[in-house]
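Note: the block below is protein_15.pdb and it holds PDB, C-alpha atoms.
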ATOM      1  CA  MET A 169     -57.546  -4.426 -21.072
ATOM      2  CA  THR A 170     -56.363  -2.547 -24.116
ATOM      3  CA  LYS A 171     -53.089  -2.653 -25.925
ATOM      4  CA  GLY A 172     -52.261   0.842 -24.587
ATOM      5  CA  ASP A 173     -52.791  -0.315 -20.970
ATOM      6  CA  ASN A 174     -50.404  -3.250 -21.475
ATOM      7  CA  MET A 175     -47.813  -0.942 -23.008
ATOM      8  CA  ARG A 176     -48.060   1.487 -20.056
ATOM      9  CA  LYS A 177     -47.638  -1.391 -17.566
ATOM     10  CA  ILE A 178     -44.584  -2.703 -19.415
ATOM     11  CA  THR A 179     -43.068   0.786 -19.601
ATOM     12  CA  LEU A 180     -43.740   1.392 -15.904
ATOM     13  CA  PHE A 181     -42.246  -2.000 -15.010
ATOM     14  CA  LEU A 182     -39.080  -1.350 -17.057
ATOM     15  CA  PHE A 183     -38.741   2.114 -15.510
ATOM     16  CA  ALA A 184     -39.054   0.615 -11.998
ATOM     17  CA  VAL A 185     -36.398  -2.024 -12.809
ATOM     18  CA  LEU A 186     -34.100   0.691 -14.156
ATOM     19  CA  ILE A 187     -34.497   2.826 -11.009
ATOM     20  CA  LEU A 188     -33.907  -0.163  -8.701
ATOM     21  CA  THR A 189     -30.838  -1.142 -10.707
ATOM     22  CA  PHE A 190     -29.266   2.305 -10.294
ATOM     23  CA  ILE A 191     -30.084   2.413  -6.585
ATOM     24  CA  GLY A 192     -28.752  -1.116  -6.027
ATOM     25  CA  PHE A 193     -25.400  -0.431  -7.692
ATOM     26  CA  LYS A 194     -24.836   2.960  -6.097
ATOM     27  CA  SER A 195     -22.637   1.554  -3.319
ATOM     28  CA  ASN A 196     -19.024   0.602  -3.983
ATOM     29  CA  SER A 197     -18.374  -3.000  -4.860
ATOM     30  CA  TYR A 198     -14.988  -4.654  -4.413
ATOM     31  CA  ALA A 199     -13.709  -8.026  -5.548
ATOM     32  CA  GLN A 200     -11.990  -8.569  -2.204
ATOM     33  CA  ASN A 201     -13.073  -6.526   0.799
ATOM     34  CA  GLY A 202     -11.391  -8.549   3.533
ATOM     35  CA  PRO A 203      -8.104 -10.238   4.315
ATOM     36  CA  VAL A 204      -6.305 -11.941   1.406
ATOM     37  CA  LEU A 205      -4.152 -15.057   1.795
ATOM     38  CA  TYR A 206      -1.486 -15.834  -0.797
ATOM     39  CA  VAL A 207       1.774 -17.772  -0.983
ATOM     40  CA  CYS A 208       5.319 -16.870  -1.996
ATOM     41  CA  GLU A 209       8.724 -18.541  -1.970
ATOM     42  CA  SER A 210      10.089 -16.317   0.794
ATOM     43  CA  TYR A 211       9.866 -12.947   2.512
ATOM     44  CA  GLY A 212      12.940 -10.788   3.008
ATOM     45  CA  ASP A 213      14.261  -7.243   3.183
ATOM     46  CA  ASN A 214      12.814  -6.451  -0.248
ATOM     47  CA  GLY A 215       9.409  -7.984   0.491
ATOM     48  CA  GLU A 216       7.848 -11.029  -1.107
ATOM     49  CA  VAL A 217       9.848 -13.205  -3.495
ATOM     50  CA  GLY A 218       8.176 -15.475  -6.033
ATOM     51  CA  ILE A 219       4.436 -14.967  -5.502
ATOM     52  CA  SER A 220       2.449 -17.701  -7.263
ATOM     53  CA  ASP A 221      -0.224 -20.327  -6.812
ATOM     54  CA  ARG A 222       2.014 -23.146  -8.108
ATOM     55  CA  PHE A 223       5.267 -24.253  -6.462
ATOM     56  CA  THR A 224       7.560 -27.261  -6.200
ATOM     57  CA  THR A 225       7.752 -29.215  -2.937
ATOM     58  CA  GLY A 226       9.579 -27.505  -0.096
ATOM     59  CA  TYR A 227       9.288 -24.614   2.322
ATOM     60  CA  LEU A 228       6.981 -21.730   1.472
ATOM     61  CA  THR A 229       5.777 -18.500   3.070
ATOM     62  CA  VAL A 230       2.089 -17.784   3.699
ATOM     63  CA  MET A 231       1.156 -14.104   3.431
ATOM     64  CA  ILE A 232      -1.899 -12.312   4.834
ATOM     65  CA  LYS A 233      -2.742  -8.794   3.688
ATOM     66  CA  CYS A 234      -5.670  -6.628   4.745
ATOM     67  CA  ASP A 235      -6.720  -2.965   4.509
ATOM     68  CA  TYR A 236      -7.582  -2.866   8.206
ATOM     69  CA  ALA A 237      -6.152  -4.226  11.460
ATOM     70  CA  LEU A 238      -7.134  -7.879  11.773
ATOM     71  CA  GLY A 239      -7.702  -7.714  15.550
ATOM     72  CA  LEU A 240      -6.231 -11.190  16.067
ATOM     73  CA  SER A 241      -3.765 -12.488  18.641
ATOM     74  CA  ASP A 242      -3.867 -16.303  18.606
ATOM     75  CA  VAL A 243      -4.181 -17.753  15.115
ATOM     76  CA  SER A 244      -3.553 -20.990  13.265
ATOM     77  CA  VAL A 245      -2.505 -21.756   9.714
ATOM     78  CA  GLN A 246      -4.131 -24.975   8.526
ATOM     79  CA  PHE A 247      -3.461 -27.029   5.401
ATOM     80  CA  ASP A 248      -6.102 -29.306   3.881
ATOM     81  CA  LYS A 249      -5.006 -31.496   0.948
ATOM     82  CA  TYR A 250      -7.284 -32.397  -1.961
ATOM     83  CA  ASP A 251      -8.044 -36.120  -2.184
ATOM     84  CA  CYS A 252      -8.635 -37.022  -5.849
ATOM     85  CA  SER A 253     -10.283 -40.343  -4.967
ATOM     86  CA  THR A 254     -13.080 -38.700  -2.934
ATOM     87  CA  GLY A 255     -13.131 -35.253  -4.551
ATOM     88  CA  THR A 256     -12.860 -33.569  -1.138
ATOM     89  CA  PHE A 257     -10.260 -31.786   0.934
ATOM     90  CA  LYS A 258      -8.848 -33.668   3.939
ATOM     91  CA  TYR A 259      -7.171 -32.135   6.970
ATOM     92  CA  ASN A 260      -3.371 -32.251   6.568
ATOM     93  CA  LYS A 261      -1.765 -30.184   9.358
ATOM     94  CA  LYS A 262      -2.157 -27.062  11.495
ATOM     95  CA  PHE A 263       0.288 -24.707  13.211
ATOM     96  CA  LYS A 264      -0.405 -22.137  15.949
ATOM     97  CA  TYR A 265       1.050 -18.616  15.992
ATOM     98  CA  THR A 266       0.747 -15.462  18.063
ATOM     99  CA  VAL A 267       0.322 -12.151  16.227
ATOM    100  CA  LYS A 268      -0.441  -8.558  17.259
ATOM    101  CA  PRO A 269      -4.061  -7.328  16.968
ATOM    102  CA  ASP A 270      -3.029  -4.180  15.055
ATOM    103  CA  MET A 271      -1.350  -6.150  12.248
ATOM    104  CA  LYS A 272      -2.626  -5.711   8.682
ATOM    105  CA  TYR A 273       0.209  -7.533   6.945
ATOM    106  CA  ILE A 274       1.509 -10.850   8.290
ATOM    107  CA  PHE A 275       3.831 -13.522   6.977
ATOM    108  CA  PHE A 276       4.267 -17.049   8.256
ATOM    109  CA  GLU A 277       7.375 -18.999   7.332
ATOM    110  CA  GLY A 278       9.716 -21.593   8.710
ATOM    111  CA  LYS A 279      10.129 -25.312   9.132
ATOM    112  CA  ASP A 280       6.395 -25.795   9.792
ATOM    113  CA  LEU A 281       5.377 -24.640   6.330
ATOM    114  CA  ASP A 282       6.968 -27.527   4.460
ATOM    115  CA  PHE A 283       4.949 -28.896   1.566
ATOM    116  CA  THR A 284       6.492 -32.353   1.297
ATOM    117  CA  SER A 285       4.154 -34.000  -1.181
ATOM    118  CA  PRO A 286       2.624 -32.793  -4.440
ATOM    119  CA  GLY A 287      -1.070 -31.952  -4.543
ATOM    120  CA  ILE A 288      -3.602 -29.173  -4.231
ATOM    121  CA  TYR A 289      -3.774 -27.569  -0.811
ATOM    122  CA  ARG A 290      -6.341 -25.268   0.716
ATOM    123  CA  ILE A 291      -4.681 -22.985   3.274
ATOM    124  CA  PHE A 292      -6.668 -21.327   6.049
ATOM    125  CA  LEU A 293      -5.938 -18.574   8.519
ATOM    126  CA  LEU A 294      -8.071 -19.427  11.560
ATOM    127  CA  ASP A 295      -8.835 -17.239  14.556
ATOM    128  CA  GLU A 296      -8.494 -18.446  18.158
ATOM    129  CA  TYR A 297     -11.913 -20.159  17.939
ATOM    130  CA  GLY A 298     -11.102 -22.043  14.731
ATOM    131  CA  LYS A 299     -13.214 -19.747  12.539
ATOM    132  CA  THR A 300     -11.893 -19.032   9.045
ATOM    133  CA  VAL A 301     -10.503 -15.515   8.630
ATOM    134  CA  THR A 302      -9.315 -16.073   5.054
ATOM    135  CA  SER A 303      -8.169 -18.902   2.812
ATOM    136  CA  GLY A 304      -6.419 -19.651  -0.454
ATOM    137  CA  LEU A 305      -5.414 -22.477  -2.788
ATOM    138  CA  VAL A 306      -1.961 -23.564  -3.884
ATOM    139  CA  GLU A 307      -0.757 -26.362  -6.154
ATOM    140  CA  ILE A 308       2.435 -28.187  -5.213
ATOM    141  CA  ILE A 309       4.282 -30.162  -7.910
ATOM    142  CA  SER A 310       7.351 -32.411  -7.744
ATOM    143  CA  LYS A 311      10.810 -30.884  -8.175
TER     144      LYS A 311
END

Using structure tokens, write down the structure that the file contains.
Amino acid sequence: MTKGDNMRKITLFLFAVLILTFIGFKSNSYAQNGPVLYVCESYGDNGEVGISDRFTTGYLTVMIKCDYALGLSDVSVQFDKYDCSTGTFKYNKKFKYTVKPDMKYIFFEGKDLDFTSPGIYRIFLLDEYGKTVTSGLVEIISK
């Protein structure tokens, strides 16, 4: 094999990689293409108040936002708390709700959503079968 043959193979290979790269990235790519879960202090007439991922202990509001109808009716919001001694999340509590299938924007608030002790919590929105629809993390600190 000559030096010219090796050069042609390398050039052909690089050209093929370049073509595949352009074809592969032709479709749209989004950072979040499904439902998003986030937390705020409250929800009122003017929308969300105090969106963050770090709060003091107390009542909070869990928000779900999606570009399309979620198609859900019976859901649960579950909290798992991070256990520093094991390095894993442990089940903390779960609350059931009924929502409308055409909803794209949902908020959950009330006496159930009380974060009484500091820590890192993983929050899940679960469908009627317990499958995760979306999740998020929040840090709770002492007042």

Contacts of range 226-237 of chain A within 6 Å, all atoms listed in the file, excl. fewer than 3 positions in-chain, as an NGL selection string: :A and (203-210 or 270-277 or 281-284)

Would you pick out the contacts of Tyr289 in chain A at 10 Å or less, using only C-alpha atoms, so that residues sharing its chain but fewer than 5 positions from it are not included, and give the list as JSON, numbers by chain? {"A": [246, 247, 248, 249, 250, 251, 257, 258, 259, 260, 283, 304, 305, 306, 307, 308]}

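Of the residues under consideration (A:Thr266, A:Asn214, A:Thr224, A:Asn201), A:Thr266 shows the shortest atom-to-atom contact distance to Leu294 in chain A when counting all atoms listed in the file.
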
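When the PyMOL selection byres ((chain A and resi 241) around 6) is run on the displayed coordinates, the residues it returns are Leu240, Asp242, Thr266, Val267, Lys268 and Pro269 of chain A.
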
Nearest to Lys262 in chain A, chosen from A:Ser220, A:Ser285, A:Ser244, A:Thr300, with only C-alpha atoms counted in the distances: A:Ser244

If you take every atom of range 284-289 of chain A that the file lists and fit an axis-aligned box around them with 6 Å extra on each side, what centre and edge lengths come out in Å to one decimal, as AutoDock Vina command-line options?
--center_x 1.4 --center_y -30.8 --center_z -1.6 --size_x 22.3 --size_y 18.4 --size_z 17.8

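Atom to atom, CA of Val243 in chain A and CA of Gly255 in chain A stand 27.8 Å apart.
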
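For the residues A:Thr302, A:Phe223, A:Ile309, A:Ile288, ranking by smallest atom-to-atom distance to Thr256 in chain A using all atoms listed in the file places A:Ile288 first.
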
Report, in Å to a single decimal, how far apart CA of Gly202 in chain A and CA of Arg222 in chain A are. 23.0 Å

The distance between CA of Thr225 in chain A and CA of Val245 in chain A is 17.9 Å

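Distance check against Glu296 in chain A using all atoms listed in the file: of A:Ser310, A:Lys264, A:Lys279, A:Glu216, the minimum falls on A:Lys264.
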